[in-house]
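Next comes model_2.pdb, with PDB, C-alpha atoms.
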MODEL        1
ATOM      1  CA  MET A   1       0.620 -19.275  -9.071
ATOM      2  CA  SER A   2       4.155 -17.980  -9.313
ATOM      3  CA  LEU A   3       5.563 -14.912  -7.593
ATOM      4  CA  PRO A   4       5.116 -11.879  -9.886
ATOM      5  CA  VAL A   5       8.376 -10.448 -11.180
ATOM      6  CA  ARG A   6       9.387  -6.926 -12.150
ATOM      7  CA  GLY A   7       7.202  -5.542 -14.909
ATOM      8  CA  GLU A   8       4.292  -7.982 -14.495
ATOM      9  CA  TYR A   9       0.713  -6.737 -14.140
ATOM     10  CA  PHE A  10      -1.747  -8.449 -11.828
ATOM     11  CA  VAL A  11      -5.087  -7.887 -10.119
ATOM     12  CA  PHE A  12      -5.179  -7.970  -6.322
ATOM     13  CA  GLU A  13      -7.403  -7.359  -3.341
ATOM     14  CA  LEU A  14      -6.568  -6.848   0.305
ATOM     15  CA  ASP A  15      -6.704  -9.993   2.459
ATOM     16  CA  PRO A  16      -7.103  -8.548   5.973
ATOM     17  CA  VAL A  17      -7.700 -11.922   7.636
ATOM     18  CA  ALA A  18      -4.424 -13.370   6.331
ATOM     19  CA  SER A  19      -2.636 -10.129   7.160
ATOM     20  CA  ILE A  20      -3.385 -10.405  10.881
ATOM     21  CA  ALA A  21      -3.309 -14.208  11.130
ATOM     22  CA  THR A  22      -0.058 -14.216  13.117
ATOM     23  CA  PHE A  23      -1.819 -12.460  15.994
ATOM     24  CA  GLU A  24      -4.269 -15.356  16.416
ATOM     25  CA  ASP A  25      -6.726 -12.749  17.629
ATOM     26  CA  PRO A  26     -10.425 -13.672  17.368
ATOM     27  CA  ILE A  27     -11.658 -10.105  17.864
ATOM     28  CA  ALA A  28      -9.630  -8.658  15.009
ATOM     29  CA  THR A  29     -10.248 -11.701  12.801
ATOM     30  CA  LYS A  30     -14.020 -11.372  13.158
ATOM     31  CA  ALA A  31     -13.877  -7.676  12.275
ATOM     32  CA  CYS A  32     -11.631  -8.279   9.257
ATOM     33  CA  LYS A  33     -13.942 -10.981   7.895
ATOM     34  CA  GLU A  34     -16.680  -8.375   7.655
ATOM     35  CA  MET A  35     -14.614  -5.987   5.516
ATOM     36  CA  GLN A  36     -15.628  -5.479   1.883
ATOM     37  CA  ASN A  37     -12.649  -5.081  -0.454
ATOM     38  CA  LYS A  38     -12.347  -4.018  -4.072
ATOM     39  CA  GLN A  39      -9.956  -5.323  -6.695
ATOM     40  CA  TYR A  40      -7.041  -3.246  -7.946
ATOM     41  CA  LEU A  41      -4.616  -3.431 -10.855
ATOM     42  CA  ALA A  42      -0.888  -2.999 -10.294
ATOM     43  CA  CYS A  43       2.524  -3.529 -11.834
ATOM     44  CA  VAL A  44       5.574  -4.840  -9.963
ATOM     45  CA  ILE A  45       8.394  -2.324 -10.046
ATOM     46  CA  GLU A  46      10.727  -3.899  -7.461
ATOM     47  CA  TRP A  47      11.105  -6.881  -5.157
ATOM     48  CA  GLN A  48      11.439  -5.811  -1.518
ATOM     49  CA  GLY A  49      12.825  -8.900   0.185
ATOM     50  CA  GLY A  50      15.690 -11.334  -0.084
ATOM     51  CA  ILE A  51      15.478 -14.874  -1.432
ATOM     52  CA  PRO A  52      11.828 -15.872  -2.063
ATOM     53  CA  VAL A  53      10.502 -18.856  -0.130
ATOM     54  CA  VAL A  54       7.481 -20.699  -1.537
ATOM     55  CA  ASN A  55       4.268 -20.325   0.529
ATOM     56  CA  TYR A  56       5.815 -17.523   2.610
ATOM     57  CA  PRO A  57       4.492 -13.977   2.003
ATOM     58  CA  TYR A  58       6.912 -11.938  -0.077
ATOM     59  CA  ALA A  59       6.952  -8.126  -0.262
ATOM     60  CA  LEU A  60       6.599  -6.397  -3.624
ATOM     61  CA  ASP A  61       6.931  -2.721  -4.461
ATOM     62  CA  VAL A  62       4.078  -1.980  -6.867
ATOM     63  CA  MET A  63       2.531   0.941  -8.741
ATOM     64  CA  LEU A  64      -1.237   0.912  -9.094
ATOM     65  CA  VAL A  65      -3.184   1.539 -12.307
ATOM     66  CA  SER A  66      -6.188   3.667 -13.144
ATOM     67  CA  THR A  67      -8.308   2.048 -15.858
ATOM     68  CA  ARG A  68     -10.500   5.127 -16.303
ATOM     69  CA  GLY A  69      -8.107   7.896 -17.278
ATOM     70  CA  MET A  70      -5.920  10.245 -15.245
ATOM     71  CA  VAL A  71      -7.109  10.662 -11.666
ATOM     72  CA  PRO A  72      -5.842  13.244  -9.155
ATOM     73  CA  GLY A  73      -4.817  12.126  -5.686
ATOM     74  CA  PRO A  74      -6.595  12.935  -2.423
ATOM     75  CA  GLU A  75      -4.587  16.144  -1.877
ATOM     76  CA  ASP A  76      -4.347  19.312  -3.958
ATOM     77  CA  SER A  77      -0.657  18.798  -4.667
ATOM     78  CA  MET A  78      -1.242  15.333  -6.158
ATOM     79  CA  LEU A  79      -2.081  16.350  -9.714
ATOM     80  CA  ALA A  80      -3.693  14.172 -12.364
ATOM     81  CA  GLU A  81      -0.718  15.023 -14.605
ATOM     82  CA  MET A  82       1.538  13.100 -12.205
ATOM     83  CA  SER A  83       0.908   9.993 -14.242
ATOM     84  CA  CYS A  84       2.124   7.903 -17.142
ATOM     85  CA  PRO A  85      -0.035   6.326 -19.893
ATOM     86  CA  ILE A  86       0.131   2.599 -20.599
ATOM     87  CA  LEU A  87      -0.267   1.107 -24.068
ATOM     88  CA  PRO A  88      -2.681   0.702 -25.818
ATOM     89  CA  ASN A  89      -3.501   4.154 -24.436
ATOM     90  CA  SER A  90      -2.269   6.488 -27.199
ATOM     91  CA  SER A  91      -3.951   9.697 -26.023
ATOM     92  CA  PRO A  92      -1.553  12.667 -25.659
ATOM     93  CA  HIS A  93      -0.321  13.310 -22.133
ATOM     94  CA  PRO A  94      -0.408  16.953 -20.884
ATOM     95  CA  LEU A  95       3.334  16.710 -20.125
ATOM     96  CA  GLU A  96       4.034  14.775 -23.352
ATOM     97  CA  ARG A  97       5.032  11.688 -21.392
ATOM     98  CA  GLU A  98       5.321   8.617 -23.553
ATOM     99  CA  ALA A  99       3.328   5.509 -22.731
ATOM    100  CA  VAL A 100       5.102   2.531 -21.184
ATOM    101  CA  HIS A 101       4.963  -0.590 -23.317
ATOM    102  CA  CYS A 102       2.901  -3.453 -21.963
ATOM    103  CA  THR A 103       3.126  -6.612 -24.076
ATOM    104  CA  PRO A 104       0.549  -7.672 -25.020
ATOM    105  CA  PRO A 105      -1.348  -4.382 -24.597
ATOM    106  CA  LEU A 106      -3.670  -4.197 -21.589
ATOM    107  CA  PRO A 107      -7.326  -5.157 -22.262
ATOM    108  CA  TRP A 108      -8.467  -1.565 -21.633
ATOM    109  CA  LEU A 109      -7.837   1.595 -23.649
ATOM    110  CA  ASP A 110      -7.579   4.369 -21.051
ATOM    111  CA  CYS A 111      -5.014   3.136 -18.512
ATOM    112  CA  PHE A 112      -2.581   5.316 -16.586
ATOM    113  CA  HIS A 113      -0.103   4.821 -13.774
ATOM    114  CA  PRO A 114      -0.646   7.552 -11.143
ATOM    115  CA  THR A 115       3.042   7.762 -10.290
ATOM    116  CA  LEU A 116       2.460   8.571  -6.608
ATOM    117  CA  ALA A 117       0.218   5.511  -6.189
ATOM    118  CA  ARG A 118       3.200   3.403  -5.179
ATOM    119  CA  THR A 119       2.901   0.998  -2.281
ATOM    120  CA  THR A 120       4.146  -2.290  -0.854
ATOM    121  CA  VAL A 121       2.105  -5.465  -0.563
ATOM    122  CA  ARG A 122       2.876  -9.032   0.458
ATOM    123  CA  ILE A 123       1.902 -11.953  -1.736
ATOM    124  CA  GLN A 124       1.584 -15.644  -0.957
ATOM    125  CA  TYR A 125       2.525 -17.748  -3.976
ATOM    126  CA  GLU A 126       2.782 -21.440  -4.758
ATOM    127  CA  THR A 127       5.729 -21.809  -7.148
ATOM    128  CA  LEU A 128       8.734 -20.068  -8.649
ATOM    129  CA  ASP A 129       8.157 -21.810 -11.986
ATOM    130  CA  THR A 130       8.731 -19.186 -14.706
ATOM    131  CA  ARG A 131       6.136 -20.913 -16.938
ATOM    132  CA  ASP A 132       3.443 -19.769 -14.529
ATOM    133  CA  HIS A 133       4.042 -16.039 -14.959
ATOM    134  CA  GLY A 134       1.503 -13.450 -15.995
ATOM    135  CA  LYS A 135       0.530 -12.684 -19.569
ATOM    136  CA  TYR A 136       0.849  -8.881 -19.341
ATOM    137  CA  GLN A 137       4.339  -7.488 -18.799
ATOM    138  CA  LEU A 138       6.376  -4.357 -19.351
ATOM    139  CA  LEU A 139       8.836  -4.895 -22.168
ATOM    140  CA  PRO A 140      11.657  -4.077 -21.971
ATOM    141  CA  LYS A 141      11.839  -4.701 -18.242
ATOM    142  CA  ASN A 142      13.712  -1.429 -17.638
ATOM    143  CA  GLU A 143      10.412   0.378 -18.231
ATOM    144  CA  ALA A 144       9.820  -0.397 -14.546
ATOM    145  CA  VAL A 145      12.913   1.693 -13.774
ATOM    146  CA  HIS A 146      11.339   4.510 -15.800
ATOM    147  CA  LEU A 147       8.252   4.349 -13.552
ATOM    148  CA  ILE A 148      10.478   4.598 -10.474
ATOM    149  CA  GLU A 149      12.179   7.669 -11.962
ATOM    150  CA  LEU A 150       8.788   9.278 -12.641
ATOM    151  CA  ASN A 151       7.730   8.504  -9.062
ATOM    152  CA  GLU A 152      10.855  10.215  -7.717
ATOM    153  CA  HIS A 153      10.402  13.208 -10.066
ATOM    154  CA  ASP A 154       6.740  13.684  -9.187
ATOM    155  CA  THR A 155       7.430  13.255  -5.470
ATOM    156  CA  GLU A 156       9.878  16.183  -5.655
ATOM    157  CA  TRP A 157       7.389  18.157  -7.758
ATOM    158  CA  ARG A 158       4.688  17.584  -5.185
ATOM    159  CA  GLU A 159       7.012  18.726  -2.399
ATOM    160  CA  GLU A 160       7.675  21.940  -4.340
ATOM    161  CA  ILE A 161       3.928  22.536  -4.667
ATOM    162  CA  ASP A 162       3.470  21.945  -0.930
ATOM    163  CA  ALA A 163       6.336  24.351  -0.163
ATOM    164  CA  ALA A 164       4.780  27.012  -2.402
ATOM    165  CA  TYR A 165       1.423  26.453  -0.693
ATOM    166  CA  GLN A 166       2.991  26.889   2.731
ATOM    167  CA  ALA A 167       4.766  30.082   1.670
ATOM    168  CA  LEU A 168       1.560  31.483   0.174
ATOM    169  CA  HIS A 169      -0.461  30.817   3.295
ATOM    170  CA  ALA A 170       2.258  31.441   5.879
ATOM    171  CA  THR A 171       0.564  34.510   7.263
ATOM    172  CA  GLU A 172      -2.698  32.628   7.639
ATOM    173  CA  HIS A 173      -1.139  29.686   9.444
ATOM    174  CA  ASP A 174       1.634  31.180  11.576
ATOM    175  CA  THR A 175       1.117  28.573  14.262
ATOM    176  CA  GLN A 176       1.144  25.647  11.860
ATOM    177  CA  SER A 177       4.693  24.450  11.373
ATOM    178  CA  SER A 178       4.007  22.309   8.312
ATOM    179  CA  ARG A 179       1.207  21.198   6.064
ATOM    180  CA  SER A 180      -0.038  17.667   6.622
ATOM    181  CA  SER A 181       1.367  15.301   4.017
ATOM    182  CA  TYR A 182      -0.130  12.303   2.288
ATOM    183  CA  ASN A 183       1.764   9.092   1.608
ATOM    184  CA  MET A 184       0.286   5.923   0.240
ATOM    185  CA  THR A 185       0.691   3.306   2.940
ATOM    186  CA  GLY A 186       3.795   1.134   2.626
ATOM    187  CA  ALA A 187       5.387   3.205  -0.142
ATOM    188  CA  SER A 188       8.889   1.975  -0.803
ATOM    189  CA  ASN A 189      10.382   5.432  -0.286
ATOM    190  CA  ALA A 190       9.965   4.524   3.396
ATOM    191  CA  SER A 191       7.003   6.599   4.501
ATOM    192  CA  PHE A 192       6.067   4.137   7.238
ATOM    193  CA  ASN A 193       2.403   4.169   8.279
ATOM    194  CA  ALA A 194       1.210   5.007  11.787
ATOM    195  CA  SER A 195       1.333   1.444  13.082
ATOM    196  CA  ALA A 196       4.723   0.696  11.547
ATOM    197  CA  SER A 197       6.304   3.850  12.984
ATOM    198  CA  SER A 198       6.580   2.097  16.351
ATOM    199  CA  LEU A 199       8.300  -0.982  14.998
ATOM    200  CA  GLN A 200      11.965  -1.462  15.686
ATOM    201  CA  SER A 201      13.236  -2.715  12.331
ATOM    202  CA  TYR A 202      12.580  -2.826   8.634
ATOM    203  CA  ASP A 203      11.937  -6.563   8.934
ATOM    204  CA  ASP A 204       9.127  -5.896  11.393
ATOM    205  CA  TRP A 205       7.666  -3.310   9.029
ATOM    206  CA  LEU A 206       7.641  -5.840   6.179
ATOM    207  CA  HIS A 207       6.029  -8.391   8.455
ATOM    208  CA  GLU A 208       3.148  -5.988   9.094
ATOM    209  CA  THR A 209       2.712  -5.006   5.422
ATOM    210  CA  PRO A 210      -0.724  -6.285   4.298
ATOM    211  CA  ILE A 211      -1.105  -9.579   2.464
ATOM    212  CA  VAL A 212      -3.133  -9.504  -0.748
ATOM    213  CA  LYS A 213      -4.834 -12.126  -2.907
ATOM    214  CA  PHE A 214      -3.815 -11.844  -6.547
ATOM    215  CA  SER A 215      -4.507 -13.131 -10.042
ATOM    216  CA  PHE A 216      -2.852 -12.822 -13.446
ATOM    217  CA  ASP A 217      -6.239 -13.235 -15.212
ATOM    218  CA  LEU A 218      -6.857  -9.630 -16.185
ATOM    219  CA  GLU A 219      -9.431 -10.583 -18.826
ATOM    220  CA  LYS A 220     -11.835 -11.868 -16.180
ATOM    221  CA  ILE A 221     -12.491  -8.416 -14.730
ATOM    222  CA  SER A 222     -13.946  -5.303 -16.364
ATOM    223  CA  ALA A 223     -12.462  -1.835 -16.097
ATOM    224  CA  GLN A 224     -15.506  -0.732 -14.088
ATOM    225  CA  ASP A 225     -14.819  -3.414 -11.471
ATOM    226  CA  ILE A 226     -11.253  -2.236 -10.860
ATOM    227  CA  GLY A 227     -11.033   0.239  -8.007
ATOM    228  CA  ASN A 228      -9.647   3.757  -8.200
ATOM    229  CA  PRO A 229      -6.004   3.466  -7.047
ATOM    230  CA  TRP A 230      -6.542   6.006  -4.277
ATOM    231  CA  GLU A 231      -9.378   3.934  -2.810
ATOM    232  CA  TYR A 232      -6.863   1.270  -1.845
ATOM    233  CA  GLU A 233      -5.461   3.587   0.810
ATOM    234  CA  GLU A 234      -8.922   3.978   2.316
ATOM    235  CA  GLU A 235      -9.263   0.203   2.539
ATOM    236  CA  HIS A 236      -5.860  -0.123   4.125
ATOM    237  CA  GLU A 237      -6.734   2.465   6.748
ATOM    238  CA  ALA A 238      -9.856   0.470   7.588
ATOM    239  CA  TYR A 239      -7.710  -2.652   7.928
ATOM    240  CA  THR A 240      -5.213  -0.919  10.214
ATOM    241  CA  LYS A 241      -7.985  -0.422  12.753
ATOM    242  CA  TYR A 242      -7.296  -4.052  13.575
ATOM    243  CA  ASP A 243      -3.563  -3.973  12.862
ATOM    244  CA  VAL A 244      -0.636  -3.985  15.234
ATOM    245  CA  PHE A 245      -0.897  -0.411  16.578
ATOM    246  CA  ASN A 246      -4.439  -0.808  17.819
ATOM    247  CA  LEU A 247      -3.772  -4.261  19.237
ATOM    248  CA  ILE A 248      -0.821  -2.862  21.158
ATOM    249  CA  VAL A 249      -2.808   0.100  22.425
ATOM    250  CA  GLU A 250      -5.772  -2.032  23.487
ATOM    251  CA  PHE A 251      -3.426  -4.419  25.262
ATOM    252  CA  PHE A 252      -1.654  -1.675  27.210
ATOM    253  CA  VAL A 253      -4.820   0.261  27.941
ATOM    254  CA  ASP A 254      -6.388  -2.917  29.332
ATOM    255  CA  THR A 255      -3.368  -3.985  31.393
ATOM    256  CA  CYS A 256      -1.852  -0.660  32.420
ATOM    257  CA  CYS A 257      -4.882   1.615  32.629
ATOM    258  CA  LEU A 258      -7.746  -0.701  33.463
ATOM    259  CA  GLY A 259      -5.753  -3.295  35.365
ATOM    260  CA  TYR A 260      -7.076  -6.545  33.890
ATOM    261  CA  LYS A 261      -5.880  -9.131  31.410
ATOM    262  CA  PRO A 262      -7.354  -8.660  27.922
ATOM    263  CA  LYS A 263      -9.055 -11.525  26.142
ATOM    264  CA  ARG A 264      -6.233 -12.049  23.671
ATOM    265  CA  SER A 265      -4.377 -15.158  22.630
ATOM    266  CA  ASP A 266      -0.930 -15.884  24.054
ATOM    267  CA  ALA A 267       0.640 -15.265  20.636
ATOM    268  CA  CYS A 268      -1.047 -11.882  20.367
ATOM    269  CA  THR A 269      -0.032 -10.967  23.920
ATOM    270  CA  ARG A 270       3.629 -11.817  23.246
ATOM    271  CA  ARG A 271       3.596  -9.780  20.040
ATOM    272  CA  CYS A 272       1.973  -6.808  21.770
ATOM    273  CA  ARG A 273       4.543  -6.879  24.574
ATOM    274  CA  LYS A 274       7.433  -6.969  22.084
ATOM    275  CA  LEU A 275       6.182  -4.156  19.859
ATOM    276  CA  GLY A 276       4.651  -2.108  22.610
ATOM    277  CA  SER A 277       7.977  -1.869  24.408
ATOM    278  CA  SER A 278       9.206   0.488  21.672
ATOM    279  CA  MET A 279       6.286   2.906  22.129
ATOM    280  CA  THR A 280       6.695   5.927  24.360
ATOM    281  CA  SER A 281       4.468   6.378  27.377
ATOM    282  CA  SER A 282       3.123   9.619  25.871
ATOM    283  CA  SER A 283       2.041   7.853  22.674
ATOM    284  CA  LEU A 284       0.246   5.221  24.758
ATOM    285  CA  ARG A 285      -1.492   7.880  26.828
ATOM    286  CA  ASN A 286      -2.562   9.759  23.702
ATOM    287  CA  ALA A 287      -3.839   6.535  22.161
ATOM    288  CA  SER A 288      -5.741   5.607  25.299
ATOM    289  CA  ARG A 289      -7.451   8.998  25.295
ATOM    290  CA  ARG A 290      -8.485   8.469  21.675
ATOM    291  CA  LEU A 291      -9.898   5.069  22.479
ATOM    292  CA  SER A 292     -11.790   6.301  25.513
ATOM    293  CA  SER A 293     -13.271   9.360  23.768
ATOM    294  CA  PRO A 294     -16.875   9.009  22.470
TER     295      PRO A 294
ENDMDL
END

For the file at hand, write its structure as structure tokens.
Amino acid sequence: MSLPVRGEYFVFELDPVASIATFEDPIATKACKEMQNKQYLACVIEWQGGIPVVNYPYALDVMLVSTRGMVPGPEDSMLAEMSCPILPNSSPHPLEREAVHCTPPLPWLDCFHPTLARTTVRIQYETLDTRDHGKYQLLPKNEAVHLIELNEHDTEWREEIDAAYQALHATEHDTQSSRSSYNMTGASNASFNASASSLQSYDDWLHETPIVKFSFDLEKISAQDIGNPWEYEEEHEAYTKYDVFNLIVEFFVDTCCLGYKPKRSDACTRRCRKLGSSMTSSSLRNASRRLSSP
């Protein structure tokens, strides 16, 4: 299949085994093979890399889709109204937002883009042949820009709600400097996840962004089989148990704290040494305490 372009809709599921393949780590690979993943629907709103290279994972900025109406996010400030309908959904939006135009219309009647459900995934593709593109696309293509603008607007709106919440409860939480915030992993507005925060460059962050399996055949899946967009974050968190941060921590805990060589491949060891060098000693100590706690 070809690399999806801006405005194209596709179905995807997390591929944790492919995502950690560069570590050549049998422990993590075995754990990832046992993961159960759902399928999700998304639209490409931006390409994240440079020149695409066939059979090399390419990063895409995508916005996920709810096929069962407006859904609020996992935090109080992530309102169901922070969304945009998708044709053929013609139901009135509480904020009178017009539906984006998918041509042909999606196979389901109650689809919305939760505008904060924006994330980055990597896709392995086989060709750049334009004849192999998906059937369902935003037309005109600048509708993808409209989704980005809604994402930026609703992000600011959410921050205002959080600020109001903090002001309201300031007397109750004098010792709490700020309310914990939620960001969908890999979001293109650069909210790096916990494992990526220790990486030294944007290129390294992209390299650790999860790889997904994808399909343009939307008709082959029912609306009930498409996961809630917010469930994708839960899957990604499960995957990151075996991602770079934990591999680094295990490596340094084994070598620095326990004094023996871990049973890791040479490739994994080299990667851990490179990435682990950017982590502070305090972060390693805190991580080792977490690992050693019951």

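The spacing separating CA of Asp15 in chain A from CA of Asn37 in chain A amounts to 8.2 Å.
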
- prompt: Exactly which residues make up the result of the PyMOL selection byres ((chain A and resi 78) around 12) on this file, given as a PyMOL selection string?
  reply: chain A and resi 70-77+79-83+114-117+151+154-162+181-184+230

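Excluding Pro52 in chain A itself and any same-chain residue fewer than 6 positions from it, the protein and nucleic acid residues within 12 Å of it, counting all atoms listed in the file, are A:Ser2, A:Leu3, A:Pro4, A:Val5, A:Tyr58, A:Ala59, A:Leu60, A:Arg122, A:Ile123, A:Gln124, A:Tyr125, A:Glu126, A:Thr127, A:Leu128.
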
Output C-alpha atoms for every residue in the selection just made, as a tab-separated table (two decimals), in the frame of the given file.
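Once everything was written out, this is again_25.tsv:
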chain	number	residue	atom	x	y	z
A	2	SER	CA	4.16	-17.98	-9.31
A	3	LEU	CA	5.56	-14.91	-7.59
A	4	PRO	CA	5.12	-11.88	-9.89
A	5	VAL	CA	8.38	-10.45	-11.18
A	58	TYR	CA	6.91	-11.94	-0.08
A	59	ALA	CA	6.95	-8.13	-0.26
A	60	LEU	CA	6.60	-6.40	-3.62
A	122	ARG	CA	2.88	-9.03	0.46
A	123	ILE	CA	1.90	-11.95	-1.74
A	124	GLN	CA	1.58	-15.64	-0.96
A	125	TYR	CA	2.52	-17.75	-3.98
A	126	GLU	CA	2.78	-21.44	-4.76
A	127	THR	CA	5.73	-21.81	-7.15
A	128	LEU	CA	8.73	-20.07	-8.65

task: List the residues selected by the PyMOL selection byres ((chain A and resi 217) around 9) in the file shown, writing them as a PyMOL selection string.
output: chain A and resi 10-11+134-135+215-216+218-221

- request: Measure the distance from CA of Glu237 in chain A to CA of Lys38 in chain A in Å and round it to one decimal.
  value: 13.8 Å

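You can rank A:Trp47, A:Leu41, A:Trp108, A:Thr119 by their closest distance to Thr209 in chain A using only C-alpha atoms, and at the top of that list sits A:Thr119.
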
message: Once the PyMOL selection byres ((chain A and resi 32-35) around 8) has been evaluated on this model, what residues remain selected, and can you format them as a PyMOL selection string?
response: chain A and resi 16-17+28-31+36-37+239+242

Convert the current residue selection to file output with C-alpha atoms, as a tab-separated table (two decimals), in the frame of the given file.
chain	number	residue	atom	x	y	z
A	16	PRO	CA	-7.10	-8.55	5.97
A	17	VAL	CA	-7.70	-11.92	7.64
A	28	ALA	CA	-9.63	-8.66	15.01
A	29	THR	CA	-10.25	-11.70	12.80
A	30	LYS	CA	-14.02	-11.37	13.16
A	31	ALA	CA	-13.88	-7.68	12.28
A	36	GLN	CA	-15.63	-5.48	1.88
A	37	ASN	CA	-12.65	-5.08	-0.45
A	239	TYR	CA	-7.71	-2.65	7.93
A	242	TYR	CA	-7.30	-4.05	13.58

query: How would you write as an NGL selection string the residues that get within 8 Å of (7.2, -4.1, -24.2) in the file's frame, counting all atoms listed in the file?
result: :A and (100-104 or 137-141)

Using only C-alpha atoms, what does the table of range 138-168 of chain A residues within 12 Å of range 61-69 of chain A look like, with each row giving the shortest atom pair and its distance in Å to one decimal, sorted by chain and ascending number, as a tab-separated table?
residue	atom	partner	partner_atom	distance
A:Ala144	CA	A:Met63	CA	9.4
A:Val145	CA	A:Met63	CA	11.6
A:His146	CA	A:Met63	CA	11.8
A:Leu147	CA	A:Met63	CA	8.2
A:Ile148	CA	A:Met63	CA	8.9
A:Leu150	CA	A:Met63	CA	11.1
A:Asn151	CA	A:Met63	CA	9.2

task: Figure out the distance between CA of Ile27 in chain A and CA of Gln39 in chain A, please, to one decimal in Å.
output: 25.1 Å

- prompt: Counting only C-alpha atoms, what is within 8 Å of Ser19 in chain A, bar same-chain residues fewer than 6 positions away, as an NGL selection string?
  reply: :A and (208-212)

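Each of A:Leu14, A:Ile86, A:Leu106, A:Val54 was compared to Phe214 in chain A using only C-alpha atoms, and A:Leu14 turns out to be the nearest.
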
- prompt: Which residues, written as a ChimeraX atom specification, have at least one atom at most 6 Å from Tyr9 in chain A, with all atoms listed in the file counted and residues fewer than 4 positions away on the same chain left out?
  reply: /A:42-43,136-137

Keeping only C-alpha atoms, take the residues you just selected and write them out as a PDB file, in the coordinates of the input.
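Wrote result-v1.pdb, looks like this:
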ATOM      1  CA  ALA A  42      -0.888  -2.999 -10.294  1.00  0.00           C
ATOM      2  CA  CYS A  43       2.524  -3.529 -11.834  1.00  0.00           C
ATOM      3  CA  TYR A 136       0.849  -8.881 -19.341  1.00  0.00           C
ATOM      4  CA  GLN A 137       4.339  -7.488 -18.799  1.00  0.00           C
TER       5      GLN A 137
END

Can you pull out every residue within 9 Å of Pro85 in chain A, counting all atoms listed in the file, but drop anything in the same chain fewer than 6 positions away, and send it as a compact mmCIF listing (two decimals) with C-alpha atoms, keeping the file's coordinate frame?
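Written out: around37.txt:
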# COMPACT_ATOMS: atom_id res chain seq x y z
CA GLY A 69 -8.11 7.90 -17.28
CA MET A 70 -5.92 10.24 -15.24
CA SER A 91 -3.95 9.70 -26.02
CA PRO A 92 -1.55 12.67 -25.66
CA HIS A 93 -0.32 13.31 -22.13
CA ARG A 97 5.03 11.69 -21.39
CA GLU A 98 5.32 8.62 -23.55
CA ALA A 99 3.33 5.51 -22.73
CA VAL A 100 5.10 2.53 -21.18
CA ASP A 110 -7.58 4.37 -21.05
CA CYS A 111 -5.01 3.14 -18.51
CA PHE A 112 -2.58 5.32 -16.59
CA HIS A 113 -0.10 4.82 -13.77
CA PRO A 114 -0.65 7.55 -11.14

message: Nearest residue to Glu143 in chain A out of A:Cys84, A:Leu168, A:Ile20, A:Ile51, using all atoms listed in the file?
response: A:Cys84
